[in-house]
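The data block below is target_18.cif; it holds mmCIF, C-alpha atoms (C1' of nucleotides).
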```cif
data_data
#
loop_
_atom_site.label_atom_id
_atom_site.label_comp_id
_atom_site.auth_asym_id
_atom_site.auth_seq_id
_atom_site.Cartn_x
_atom_site.Cartn_y
_atom_site.Cartn_z
CA MET A 1 141.19 47.40 46.40
CA SER A 2 141.04 45.89 42.92
CA ALA A 3 137.91 46.45 40.90
CA THR A 4 138.18 42.83 39.88
CA GLU A 5 137.86 41.64 43.44
CA ASN A 6 134.76 43.79 43.84
CA GLN A 7 133.25 42.27 40.73
CA GLN A 8 133.96 38.77 41.95
CA LEU A 9 132.36 39.44 45.31
CA LYS A 10 129.33 41.03 43.66
CA GLN A 11 129.03 37.89 41.61
CA VAL A 12 129.29 35.68 44.69
CA LEU A 13 126.60 37.64 46.51
CA ARG A 14 124.22 37.48 43.56
CA GLU A 15 124.74 33.77 43.19
CA HIS A 16 123.46 33.50 46.74
CA GLU A 17 120.48 35.74 46.10
CA LEU A 18 121.85 38.57 48.19
CA LYS A 19 121.91 42.12 46.94
CA ALA A 20 125.44 43.32 46.36
CA THR A 21 125.60 46.33 48.65
CA THR A 22 128.84 48.19 49.26
CA GLN A 23 128.70 47.21 52.93
CA ARG A 24 128.41 43.50 52.23
CA ILE A 25 131.19 43.65 49.67
CA ALA A 26 133.44 45.51 52.10
CA LEU A 27 132.65 42.97 54.82
CA LEU A 28 133.50 39.98 52.64
CA LYS A 29 136.64 41.71 51.43
CA LEU A 30 137.71 42.29 55.02
CA LEU A 31 137.18 38.67 56.03
CA ASP A 32 138.88 37.45 52.87
CA ALA A 33 141.94 39.47 53.70
CA THR A 34 142.54 37.97 57.13
CA HIS A 35 142.81 34.69 58.96
CA GLU A 36 141.69 36.19 62.24
CA HIS A 37 138.43 35.48 63.98
CA PHE A 38 136.83 38.90 64.25
CA ASP A 39 133.80 39.65 66.39
CA ALA A 40 131.04 41.92 65.13
CA GLU A 41 132.38 45.00 66.90
CA GLU A 42 135.85 44.54 65.44
CA ILE A 43 134.36 44.15 61.99
CA TYR A 44 132.28 47.27 62.55
CA LEU A 45 135.33 49.31 63.56
CA GLU A 46 137.42 48.02 60.67
CA LEU A 47 134.69 48.85 58.18
CA LEU A 48 134.27 52.31 59.71
CA LYS A 49 137.91 53.01 58.89
CA LYS A 50 137.43 52.11 55.24
CA GLU A 51 133.87 52.99 54.37
CA LYS A 52 132.68 56.10 56.11
CA ASN A 53 129.12 54.88 56.44
CA VAL A 54 128.43 51.66 58.27
CA SER A 55 126.25 50.97 61.25
CA ARG A 56 126.48 48.16 63.76
CA ALA A 57 123.01 47.01 62.77
CA THR A 58 124.14 46.54 59.20
CA VAL A 59 127.17 44.57 60.30
CA TYR A 60 124.98 42.25 62.37
CA ARG A 61 122.35 41.92 59.66
CA SER A 62 124.91 41.31 56.96
CA LEU A 63 126.71 38.69 59.02
CA GLU A 64 123.41 36.95 59.62
CA ALA A 65 122.51 36.95 55.93
CA LEU A 66 125.99 35.83 54.91
CA ALA A 67 126.04 33.07 57.53
CA GLU A 68 122.65 31.86 56.33
CA GLN A 69 124.13 31.47 52.86
CA ASP A 70 127.21 29.86 54.37
CA LEU A 71 129.47 32.58 53.02
CA VAL A 72 130.70 33.25 56.54
CA THR A 73 130.85 30.93 59.54
CA ARG A 74 129.91 31.82 63.10
CA LEU A 75 132.35 30.73 65.78
CA ASP A 76 131.28 30.51 69.40
CA PHE A 77 134.30 30.33 71.68
CA GLY A 78 132.09 30.62 74.73
CA ASP A 79 133.23 34.06 75.83
CA GLY A 80 129.92 35.78 75.24
CA ARG A 81 130.32 37.07 71.72
CA MET A 82 130.27 35.48 68.34
CA ARG A 83 133.27 35.55 66.01
CA PHE A 84 133.21 35.15 62.27
CA GLU A 85 135.40 33.80 59.54
CA ARG A 86 135.04 33.42 55.82
CA SER A 87 133.53 29.99 55.25
CA LYS A 88 135.94 27.36 54.13
CA GLY A 89 135.03 24.64 51.69
CA GLU A 90 133.80 21.32 53.05
CA ASP A 91 137.32 20.01 52.69
CA GLU A 92 138.76 22.84 54.71
CA HIS A 93 136.52 22.39 57.73
CA HIS A 94 138.36 22.56 61.03
CA ASP A 95 137.79 22.59 64.78
CA HIS A 96 139.55 24.56 67.49
CA LEU A 97 141.94 24.29 70.40
CA ILE A 98 141.46 27.39 72.55
CA CYS A 99 144.09 28.49 75.07
CA GLU A 100 142.43 29.68 78.25
CA LYS A 101 145.46 31.77 79.21
CA CYS A 102 146.39 33.74 76.09
CA GLY A 103 143.28 33.23 73.97
CA LYS A 104 145.21 31.75 71.08
CA VAL A 105 143.18 29.57 68.75
CA ILE A 106 144.77 26.58 67.05
CA GLU A 107 142.82 25.07 64.18
CA PHE A 108 142.83 21.36 63.60
CA PHE A 109 141.13 18.72 61.54
CA ASN A 110 140.80 15.06 62.41
CA LEU A 111 139.17 12.77 59.92
CA GLU A 112 138.59 9.97 62.38
CA MET A 113 136.73 12.34 64.70
CA GLU A 114 134.48 13.52 61.89
CA ALA A 115 133.70 9.92 61.05
CA GLN A 116 132.81 9.17 64.65
CA GLN A 117 130.44 12.13 64.66
CA LEU A 118 128.54 10.74 61.72
CA SER A 119 128.41 7.38 63.40
CA VAL A 120 126.95 8.90 66.57
CA CYS A 121 124.31 10.69 64.50
CA GLU A 122 123.32 7.47 62.80
CA GLU A 123 123.04 5.64 66.10
CA ASN A 124 120.66 8.32 67.33
CA ASP A 125 118.70 8.72 64.10
CA PHE A 126 119.82 12.33 63.98
CA THR A 127 120.43 14.41 60.84
CA PRO A 128 123.41 16.69 61.45
CA SER A 129 123.75 20.14 59.92
CA THR A 130 126.74 21.63 61.71
CA HIS A 131 128.87 20.93 64.71
CA THR A 132 131.29 22.66 67.04
CA MET A 133 134.18 20.92 68.69
CA HIS A 134 136.19 23.11 71.02
CA ILE A 135 138.92 21.89 73.28
CA PHE A 136 139.86 24.36 76.01
CA GLY A 137 143.16 24.18 77.84
CA THR A 138 146.72 25.54 77.85
CA CYS A 139 148.93 25.97 74.80
CA SER A 140 152.61 25.04 74.86
CA ASP A 141 153.78 28.67 75.01
CA CYS A 142 151.70 29.39 78.11
CA ARG A 143 152.64 26.11 79.78
CA THR A 144 156.35 26.79 79.22
CA SER A 145 156.45 30.46 80.18
CA GLN A 146 154.77 29.74 83.42
CA MET B 1 113.47 17.46 101.64
CA SER B 2 115.39 15.11 103.89
CA ALA B 3 117.66 16.61 106.51
CA THR B 4 120.15 13.94 105.53
CA GLU B 5 120.41 15.29 102.00
CA ASN B 6 121.01 18.76 103.38
CA GLN B 7 123.80 17.44 105.57
CA GLN B 8 125.41 15.66 102.67
CA LEU B 9 125.32 18.75 100.49
CA LYS B 10 126.73 20.87 103.33
CA GLN B 11 129.53 18.37 103.56
CA VAL B 12 130.17 18.51 99.82
CA LEU B 13 130.31 22.30 99.83
CA ARG B 14 132.75 22.42 102.72
CA GLU B 15 134.98 19.85 101.10
CA HIS B 16 135.27 22.31 98.23
CA GLU B 17 135.97 25.26 100.52
CA LEU B 18 132.63 26.87 99.85
CA LYS B 19 130.44 28.17 102.66
CA ALA B 20 127.31 26.12 103.01
CA THR B 21 124.64 28.75 102.51
CA THR B 22 120.97 27.83 102.23
CA GLN B 23 120.92 29.20 98.68
CA ARG B 24 123.79 27.04 97.50
CA ILE B 25 122.32 23.98 99.15
CA ALA B 26 118.96 24.63 97.55
CA LEU B 27 120.62 25.12 94.17
CA LEU B 28 122.52 21.85 94.34
CA LYS B 29 119.43 20.06 95.56
CA LEU B 30 117.48 21.40 92.60
CA LEU B 31 120.07 20.29 90.06
CA ASP B 32 120.42 16.92 91.78
CA ALA B 33 116.70 16.35 91.43
CA THR B 34 116.53 16.80 87.69
CA HIS B 35 118.13 15.73 84.46
CA GLU B 36 117.17 18.91 82.68
CA HIS B 37 119.56 21.59 81.52
CA PHE B 38 118.31 24.67 83.34
CA ASP B 39 119.44 28.18 82.54
CA ALA B 40 120.12 30.71 85.28
CA GLU B 41 116.68 32.31 85.05
CA GLU B 42 114.91 28.96 85.34
CA ILE B 43 117.01 28.08 88.35
CA TYR B 44 116.22 31.47 89.86
CA LEU B 45 112.47 31.00 89.39
CA GLU B 46 112.53 27.45 90.75
CA LEU B 47 114.45 28.55 93.82
CA LEU B 48 112.04 31.45 94.34
CA LYS B 49 109.20 28.94 94.62
CA LYS B 50 110.96 26.99 97.34
CA GLU B 51 113.06 29.48 99.24
CA LYS B 52 111.37 32.84 99.55
CA ASN B 53 114.61 34.81 99.42
CA VAL B 54 116.88 34.40 96.46
CA SER B 55 118.21 36.96 94.04
CA ARG B 56 119.40 36.52 90.50
CA ALA B 57 122.83 37.80 91.45
CA THR B 58 123.19 35.01 94.01
CA VAL B 59 122.15 32.40 91.48
CA TYR B 60 124.77 33.65 89.04
CA ARG B 61 127.47 33.94 91.70
CA SER B 62 126.70 30.54 93.15
CA LEU B 63 126.75 28.91 89.76
CA GLU B 64 130.10 30.51 89.08
CA ALA B 65 131.55 29.31 92.37
CA LEU B 66 130.10 25.82 91.94
CA ALA B 67 131.35 25.59 88.36
CA GLU B 68 134.80 26.64 89.50
CA GLN B 69 134.80 23.73 91.92
CA ASP B 70 133.40 21.49 89.22
CA LEU B 71 130.27 20.77 91.20
CA VAL B 72 128.16 22.02 88.32
CA THR B 73 128.95 22.13 84.60
CA ARG B 74 128.24 25.00 82.23
CA LEU B 75 126.66 24.05 78.93
CA ASP B 76 126.74 26.43 75.99
CA PHE B 77 124.20 25.43 73.37
CA GLY B 78 124.89 28.57 71.41
CA ASP B 79 121.51 30.25 71.94
CA GLY B 80 122.82 33.13 73.99
CA ARG B 81 122.45 31.81 77.51
CA MET B 82 124.32 29.31 79.58
CA ARG B 83 122.70 26.15 80.93
CA PHE B 84 123.83 24.16 83.89
CA GLU B 85 123.82 20.59 85.05
CA ARG B 86 125.16 18.82 88.10
CA SER B 87 128.65 17.67 87.21
CA LYS B 88 128.97 14.05 86.34
CA GLY B 89 131.95 11.96 87.28
CA GLU B 90 134.75 11.57 84.76
CA ASP B 91 133.19 8.32 83.69
CA GLU B 92 129.81 9.91 83.08
CA HIS B 93 131.04 12.63 80.76
CA HIS B 94 128.90 13.15 77.69
CA ASP B 95 128.46 15.39 74.65
CA HIS B 96 125.30 16.66 72.99
CA LEU B 97 123.14 16.37 69.90
CA ILE B 98 120.96 19.48 69.73
CA CYS B 99 117.80 19.59 67.62
CA GLU B 100 117.53 22.95 65.90
CA LYS B 101 113.76 22.55 65.47
CA CYS B 102 112.46 21.48 68.88
CA GLY B 103 115.49 22.23 71.05
CA LYS B 104 115.68 18.66 72.33
CA VAL B 105 119.09 17.64 73.64
CA ILE B 106 120.32 14.07 73.25
CA GLU B 107 123.33 13.10 75.33
CA PHE B 108 125.93 10.75 73.95
CA PHE B 109 129.33 9.39 74.75
CA ASN B 110 131.82 8.04 72.26
CA LEU B 111 135.06 6.63 73.55
CA GLU B 112 136.82 6.69 70.20
CA MET B 113 136.03 10.39 69.83
CA GLU B 114 137.46 11.14 73.27
CA ALA B 115 140.60 9.25 72.34
CA GLN B 116 140.98 11.25 69.12
CA GLN B 117 140.68 14.46 71.10
CA LEU B 118 143.59 13.49 73.31
CA SER B 119 145.57 12.55 70.25
CA VAL B 120 144.90 15.95 68.64
CA CYS B 121 146.04 17.67 71.84
CA GLU B 122 149.27 15.71 71.88
CA GLU B 123 149.98 16.51 68.26
CA ASN B 124 149.63 20.22 69.08
CA ASP B 125 151.45 20.12 72.41
CA PHE B 126 148.26 21.33 74.07
CA THR B 127 147.14 20.49 77.60
CA PRO B 128 143.35 20.08 77.59
CA SER B 129 141.14 20.99 80.53
CA THR B 130 137.61 20.70 79.14
CA HIS B 131 135.94 20.39 75.80
CA THR B 132 132.56 20.89 74.20
CA MET B 133 131.31 18.82 71.32
CA HIS B 134 127.91 19.86 70.02
CA ILE B 135 126.28 18.50 66.94
CA PHE B 136 123.37 20.59 65.66
CA GLY B 137 120.75 19.19 63.34
CA THR B 138 117.31 17.59 63.24
CA CYS B 139 116.09 14.84 65.53
CA SER B 140 114.06 11.90 64.24
CA ASP B 141 110.78 13.23 65.67
CA CYS B 142 111.13 16.55 63.87
CA ARG B 143 112.27 14.93 60.64
CA THR B 144 109.29 12.57 60.66
CA SER B 145 106.58 15.02 61.66
CA GLN B 146 107.62 17.36 58.91
"C1'" DT C 1 126.09 29.87 123.75
"C1'" DC C 2 127.52 34.33 122.27
"C1'" DC C 3 130.58 37.32 119.41
"C1'" DC C 4 132.95 38.92 115.34
"C1'" DA C 5 135.28 39.35 111.02
"C1'" DA C 6 135.04 37.70 106.63
"C1'" DA C 7 132.18 36.16 103.22
"C1'" DA C 8 127.66 35.87 101.04
"C1'" DT C 9 123.31 37.89 100.02
"C1'" DA C 10 119.24 41.00 98.19
"C1'" DA C 11 117.79 44.42 95.31
"C1'" DG C 12 118.27 46.89 91.74
"C1'" DA C 13 121.51 49.61 88.78
"C1'" DA C 14 124.83 49.00 85.10
"C1'" DT C 15 126.98 46.69 81.21
"C1'" DG C 16 127.43 44.82 76.75
"C1'" DA C 17 126.23 41.95 72.82
"C1'" DA C 18 122.65 41.51 69.80
"C1'" DT C 19 118.10 42.85 67.89
"C1'" DC C 20 114.51 45.93 66.60
"C1'" DT C 21 112.23 50.33 64.81
"C1'" DC C 22 111.39 53.46 61.46
"C1'" DA C 23 112.58 57.04 58.44
"C1'" DT C 24 115.76 57.35 54.56
"C1'" DT C 25 118.59 55.49 50.91
"C1'" DT C 26 119.99 52.08 47.56
"C1'" DA C 27 119.89 48.11 44.32
"C1'" DC C 28 118.29 46.43 40.30
"C1'" DA C 29 114.41 44.73 37.20
"C1'" DC C 30 111.75 47.02 33.90
"C1'" DG D 1 115.53 56.96 34.12
"C1'" DT D 2 111.65 54.99 37.39
"C1'" DG D 3 109.47 52.42 40.96
"C1'" DT D 4 109.49 49.28 44.48
"C1'" DA D 5 111.20 46.05 47.41
"C1'" DA D 6 115.12 45.45 50.09
"C1'" DA D 7 118.93 47.37 52.75
"C1'" DT D 8 120.77 50.84 55.63
"C1'" DG D 9 121.79 54.36 59.68
"C1'" DA D 10 121.02 55.93 64.02
"C1'" DG D 11 119.60 55.12 68.07
"C1'" DA D 12 116.26 52.81 71.15
"C1'" DT D 13 115.40 48.29 73.10
"C1'" DT D 14 116.01 43.69 74.84
"C1'" DC D 15 117.96 40.30 77.54
"C1'" DA D 16 121.62 37.70 79.84
"C1'" DT D 17 125.00 38.64 82.94
"C1'" DT D 18 127.82 41.42 86.16
"C1'" DC D 19 128.47 45.03 89.47
"C1'" DT D 20 127.41 47.98 93.65
"C1'" DT D 21 126.31 48.78 98.22
"C1'" DA D 22 124.02 48.19 102.32
"C1'" DT D 23 122.56 44.26 105.04
"C1'" DT D 24 122.68 39.50 106.65
"C1'" DT D 25 124.79 35.05 107.42
"C1'" DT D 26 128.43 31.72 108.25
"C1'" DG D 27 131.52 29.41 111.08
"C1'" DG D 28 135.66 29.72 114.04
"C1'" DG D 29 136.88 31.14 118.47
"C1'" DA D 30 135.95 33.25 123.36
#
```
Encoded form using structure tokens:
Amino acid sequence: MSATENQQLKQVLREHELKATTQRIALLKLLDATHEHFDAEEIYLELLKKEKNVSRATVYRSLEALAEQDLVTRLDFGDGRMRFERSKGEDEHHDHLICEKCGKVIEFFNLEMEAQQLSVCEENDFTPSTHTMHIFGTCSDCRTSQ
Amino acid sequence: MSATENQQLKQVLREHELKATTQRIALLKLLDATHEHFDAEEIYLELLKKEKNVSRATVYRSLEALAEQDLVTRLDFGDGRMRFERSKGEDEHHDHLICEKCGKVIEFFNLEMEAQQLSVCEENDFTPSTHTMHIFGTCSDCRTSQ
DNA sequence: TCCCAAAATAAGAATGAATCTCATTTACAC
DNA sequence: GTGTAAATGAGATTCATTCTTATTTTGGGA
């Protein structure tokens, strides 16, 4: 809960032309503090614990604004609700292996695959902005214990 | 509207241990007749035109049953509703380029990318079942006309 | 061909994530 | 400190999807 961290986040928000509201700062702080992929409701509940005043609408609107500025990243694991993580730098981009049994998410990065994606875009005269690569299946734990 | 096609689809359904109801036959026939990626509501409206009696619930339940048997494939383009297509054979699998401006969907297949996916799974001791690879961006038409 | 139990369907109610509305509050440039 | 544009809270609303229940259909057997 360092004042310094608050100042840094305020700075970050302003650099992205977003007003530094307490709710947005708290949201970024929460996502910075975890590696988990929270959904909006989880974020809402976590923020409620810390700041007394937050509404779901603000959580959704903040996440939208932050995602637009690429300060957070939306993750769609295909289960009907969006998850969010603090955006990683270009060099920290990763895709996901998703276990259909236990829900575990394994992050991975494969340079060759990224290269192939660019090549496909070129072939189709397509300018990429983002991509999602999700492999669904069974993780080793679930395969073993079953 | 050949009786032969109906018979074939009945056969297909029974081979997959699904009762051959008129609604399911009509649904498969519809998806067989098009290359488009319909969502559930579009399928419902199309079926309403042809068969007088269909309900949304049946469309959703049929799609679920058919997807379970891999007779249809769910497509999640990240816009909040699922789309569906008739399942292609293993050899006809493809991924998608999705234009964020006009919504156009370009299908592609890249063998090297598929190989890399398997390699990533091996590295992580993960048994894959399905995957989705979606690249979002701008198609050539939209880039030009803008 | 007729019968019957199990399964599927129709219609609309219910759910749940996400968005919108509008009155109130807050951020921040001056 | 002030004013104004932007952000927020609370709850209503939307929209895709799922559930409920009474009714109908399917398909195996008499």
* Asked: Got a sec: who's within 6 Å of segment 110-118 of chain A, counting all atoms listed in the file, leaving out chain neighbours fewer than 2 positions off, as a ChimeraX atom specification?
  -> /A:120-121 /B:113
So for segment 5-13 of chain D, what box centre and size do we get, axis-aligned, 3 Å extra on each of the six sides, every listed atom, Å to one decimal, as JSON?
```
{"center_x": 116.5, "center_y": 50.7, "center_z": 60.3, "size_x": 16.6, "size_y": 16.5, "size_z": 31.7}
```
* To do: Identify, on the basis of only C-alpha atoms (C1' of nucleotides), every residue whose closest approach to Ile106 of chain A does not exceed 12 Å; exclude the query and any residue fewer than 6 positions from it along the same chain; express the result as a list of chain:residue names.
  =>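 The filter keeps A:His35, A:Glu36, A:His37, A:His94, A:Asp95, A:His96, A:Leu97, A:Ile98, A:Cys99, A:Glu100, A:His134, A:Ile135, A:Phe136, A:Gly137, A:Thr138, A:Cys139, A:Ser140, B:Val120, B:Cys121, B:Glu123, B:Asn124, B:Asp125, B:Phe126.
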* Asked: Residues picked by the PyMOL selection byres ((chain C and resi 28) around 12) here, as a list in words?
  ->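 Taken over the shown coordinates, the PyMOL selection byres ((chain C and resi 28) around 12) returns Arg14, Leu18, Lys19, Ala20 and Thr21 of chain A; DT26, DA27, DA29 and DC30 of chain C; DT2, DG3, DT4, DA5 and DA6 of chain D.
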* To do: State, in Å with one decimal place, the distance from atom CA of His131 of chain A to atom CA of Lys101 of chain B.
  =>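 It comes out at 15.2 Å.
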* To do: I need the residue set behind the PyMOL selection byres ((chain B and resi 67) around 12) for this file; please write it as a VMD selection string.
  => chain B and resid 13 16 18 24 28 59 to 66 68 to 75 82 to 88
Transformed chain B, reference chain A, in-order C-alpha pairing, as a short mmCIF file (atom, residue, chain, number, x, y, z; two decimals) with C-alpha atoms, in the coordinates of the input:
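Ended up saving to superposed.cif:
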```cif
data_model
loop_
_atom_site.label_atom_id
_atom_site.label_comp_id
_atom_site.auth_asym_id
_atom_site.auth_seq_id
_atom_site.Cartn_x
_atom_site.Cartn_y
_atom_site.Cartn_z
CA MET B 1 141.31 47.21 46.31
CA SER B 2 141.05 45.74 42.84
CA ALA B 3 137.88 46.35 40.88
CA THR B 4 138.12 42.72 39.84
CA GLU B 5 137.78 41.53 43.43
CA ASN B 6 134.72 43.73 43.85
CA GLN B 7 133.17 42.22 40.74
CA GLN B 8 133.84 38.71 41.95
CA LEU B 9 132.29 39.39 45.33
CA LYS B 10 129.26 41.02 43.68
CA GLN B 11 128.91 37.88 41.64
CA VAL B 12 129.15 35.67 44.72
CA LEU B 13 126.50 37.67 46.55
CA ARG B 14 124.08 37.53 43.65
CA GLU B 15 124.57 33.82 43.26
CA HIS B 16 123.32 33.55 46.82
CA GLU B 17 120.35 35.84 46.20
CA LEU B 18 121.78 38.64 48.29
CA LYS B 19 121.86 42.22 47.04
CA ALA B 20 125.38 43.36 46.42
CA THR B 21 125.61 46.36 48.72
CA THR B 22 128.89 48.17 49.30
CA GLN B 23 128.75 47.20 52.98
CA ARG B 24 128.42 43.50 52.28
CA ILE B 25 131.17 43.62 49.70
CA ALA B 26 133.45 45.44 52.10
CA LEU B 27 132.66 42.91 54.82
CA LEU B 28 133.48 39.92 52.65
CA LYS B 29 136.62 41.62 51.42
CA LEU B 30 137.72 42.20 54.99
CA LEU B 31 137.17 38.58 56.02
CA ASP B 32 138.83 37.35 52.83
CA ALA B 33 141.92 39.36 53.66
CA THR B 34 142.53 37.86 57.06
CA HIS B 35 142.80 34.60 58.91
CA GLU B 36 141.72 36.11 62.18
CA HIS B 37 138.46 35.40 63.96
CA PHE B 38 136.89 38.84 64.22
CA ASP B 39 133.90 39.61 66.38
CA ALA B 40 131.13 41.91 65.18
CA GLU B 41 132.54 44.99 66.91
CA GLU B 42 135.99 44.48 65.40
CA ILE B 43 134.46 44.08 61.97
CA TYR B 44 132.41 47.22 62.55
CA LEU B 45 135.49 49.25 63.53
CA GLU B 46 137.55 47.93 60.62
CA LEU B 47 134.80 48.77 58.16
CA LEU B 48 134.44 52.24 59.68
CA LYS B 49 138.09 52.91 58.82
CA LYS B 50 137.58 52.00 55.19
CA GLU B 51 134.01 52.91 54.36
CA LYS B 52 132.88 56.04 56.12
CA ASN B 53 129.29 54.89 56.50
CA VAL B 54 128.58 51.67 58.29
CA SER B 55 126.42 50.98 61.30
CA ARG B 56 126.63 48.18 63.81
CA ALA B 57 123.13 47.06 62.89
CA THR B 58 124.22 46.55 59.28
CA VAL B 59 127.25 44.56 60.35
CA TYR B 60 125.06 42.28 62.45
CA ARG B 61 122.39 41.94 59.76
CA SER B 62 124.92 41.31 57.03
CA LEU B 63 126.70 38.70 59.07
CA GLU B 64 123.39 36.99 59.70
CA ALA B 65 122.48 36.99 56.02
CA LEU B 66 125.95 35.83 54.98
CA ALA B 67 125.97 33.09 57.61
CA GLU B 68 122.58 31.91 56.41
CA GLN B 69 124.03 31.51 52.94
CA ASP B 70 127.10 29.88 54.41
CA LEU B 71 129.38 32.57 53.07
CA VAL B 72 130.65 33.24 56.57
CA THR B 73 130.80 30.93 59.59
CA ARG B 74 129.87 31.80 63.15
CA LEU B 75 132.33 30.70 65.81
CA ASP B 76 131.29 30.50 69.44
CA PHE B 77 134.31 30.35 71.71
CA GLY B 78 132.13 30.64 74.76
CA ASP B 79 133.28 34.10 75.88
CA GLY B 80 129.98 35.82 75.29
CA ARG B 81 130.38 37.09 71.75
CA MET B 82 130.30 35.49 68.37
CA ARG B 83 133.29 35.51 66.03
CA PHE B 84 133.21 35.13 62.30
CA GLU B 85 135.37 33.74 59.57
CA ARG B 86 134.97 33.39 55.83
CA SER B 87 133.46 29.97 55.25
CA LYS B 88 135.86 27.33 54.13
CA GLY B 89 134.95 24.65 51.66
CA GLU B 90 133.77 21.30 52.97
CA ASP B 91 137.29 20.03 52.61
CA GLU B 92 138.74 22.87 54.65
CA HIS B 93 136.53 22.39 57.67
CA HIS B 94 138.34 22.59 60.98
CA ASP B 95 137.79 22.60 64.74
CA HIS B 96 139.52 24.60 67.46
CA LEU B 97 141.90 24.36 70.39
CA ILE B 98 141.39 27.45 72.54
CA CYS B 99 144.00 28.58 75.06
CA GLU B 100 142.29 29.76 78.23
CA LYS B 101 145.32 31.85 79.21
CA CYS B 102 146.24 33.83 76.10
CA GLY B 103 143.13 33.29 73.98
CA LYS B 104 145.13 31.83 71.10
CA VAL B 105 143.12 29.63 68.75
CA ILE B 106 144.74 26.65 67.05
CA GLU B 107 142.82 25.13 64.16
CA PHE B 108 142.85 21.40 63.59
CA PHE B 109 141.19 18.77 61.51
CA ASN B 110 140.86 15.12 62.39
CA LEU B 111 139.24 12.81 59.91
CA GLU B 112 138.66 10.00 62.37
CA MET B 113 136.81 12.38 64.68
CA GLU B 114 134.56 13.54 61.84
CA ALA B 115 133.81 9.93 61.01
CA GLN B 116 132.87 9.18 64.62
CA GLN B 117 130.51 12.13 64.61
CA LEU B 118 128.63 10.74 61.63
CA SER B 119 128.51 7.37 63.31
CA VAL B 120 127.03 8.89 66.49
CA CYS B 121 124.39 10.66 64.40
CA GLU B 122 123.41 7.44 62.69
CA GLU B 123 123.14 5.60 65.98
CA ASN B 124 120.71 8.29 67.20
CA ASP B 125 118.79 8.66 63.95
CA PHE B 126 119.88 12.29 63.85
CA THR B 127 120.50 14.34 60.70
CA PRO B 128 123.46 16.65 61.34
CA SER B 129 123.79 20.09 59.79
CA THR B 130 126.78 21.61 61.59
CA HIS B 131 128.88 20.91 64.61
CA THR B 132 131.27 22.65 66.94
CA MET B 133 134.16 20.92 68.62
CA HIS B 134 136.14 23.13 70.97
CA ILE B 135 138.87 21.95 73.25
CA PHE B 136 139.79 24.42 75.99
CA GLY B 137 143.08 24.25 77.82
CA THR B 138 146.62 25.63 77.87
CA CYS B 139 148.85 26.08 74.85
CA SER B 140 152.54 25.18 74.93
CA ASP B 141 153.66 28.82 75.09
CA CYS B 142 151.56 29.52 78.17
CA ARG B 143 152.53 26.26 79.84
CA THR B 144 156.22 26.97 79.31
CA SER B 145 156.28 30.64 80.27
CA GLN B 146 154.55 29.86 83.51
#
```
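The coordinates place atom CA of Leu45 of chain A at 15.4 Å from atom CA of Ala33 of chain A.
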* Give as number ranges by chain every residue of chain C that touches chain B within 10 Å, counting only C-alpha atoms (C1' of nucleotides). => C: 7-11, 17-18
* **Chain and number of each residue from the PyMOL selection byres ((chain C and resi 21) around 8), as a ChimeraX atom specification** => /C:20,22 /D:12
Keeping only C-alpha atoms (C1' of nucleotides), write those residues as a JSON list (two decimals), in the frame of the given file.
```
[["chain", "number", "residue", "atom", "x", "y", "z"],
["C", 20, "DC", "C1'", 114.51, 45.93, 66.60],
["C", 22, "DC", "C1'", 111.39, 53.46, 61.46],
["D", 12, "DA", "C1'", 116.26, 52.81, 71.15]]
```
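Nearest residue to chain A, choosing from B:Cys142, B:Met133, B:Ile25, B:Leu31 and counting all atoms listed in the file: B:Met133.
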Check which residues of chain D sit at most 9 Å from chain A using all atoms listed in the file, and return one row each with the closest pair of atoms and their distance in Å to one decimal, ordered by chain and rising number, as CSV.
```
residue,atom,partner,partner_atom,distance
D:DA6,C1',A:Lys19,CA,8.2
D:DA7,C1',A:Thr21,CA,7.9
D:DT8,C1',A:Thr58,CA,6.5
D:DG9,C1',A:Ser55,CA,5.8
D:DA10,C1',A:Ser55,CA,7.7
```
* Asked: Can you find the residues with an atom no farther than 12 Å from (127.8, 40.0, 112.8), counting only C-alpha atoms (C1' of nucleotides), and report them as a ChimeraX atom specification?
  -> /C:2-7 /D:23-27
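In this comparison, which uses all atoms listed in the file, the residue of B:Glu46, B:Glu51, B:Asp79, B:Asp91 approaching chain A most closely is B:Asp79.
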* To do: Work out how far atom CA of Thr34 of chain B is from atom CA of Thr4 of chain B, in Å to one decimal.
  =>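 Separation between atom CA of Thr4 of chain B and atom CA of Thr34 of chain B: 18.4 Å.
Minimum atom-to-atom distances from A:Gln8, A:Thr144, A:Thr22, A:Thr132 to chain B were compared using only C-alpha atoms, and the lowest value belongs to A:Thr132.
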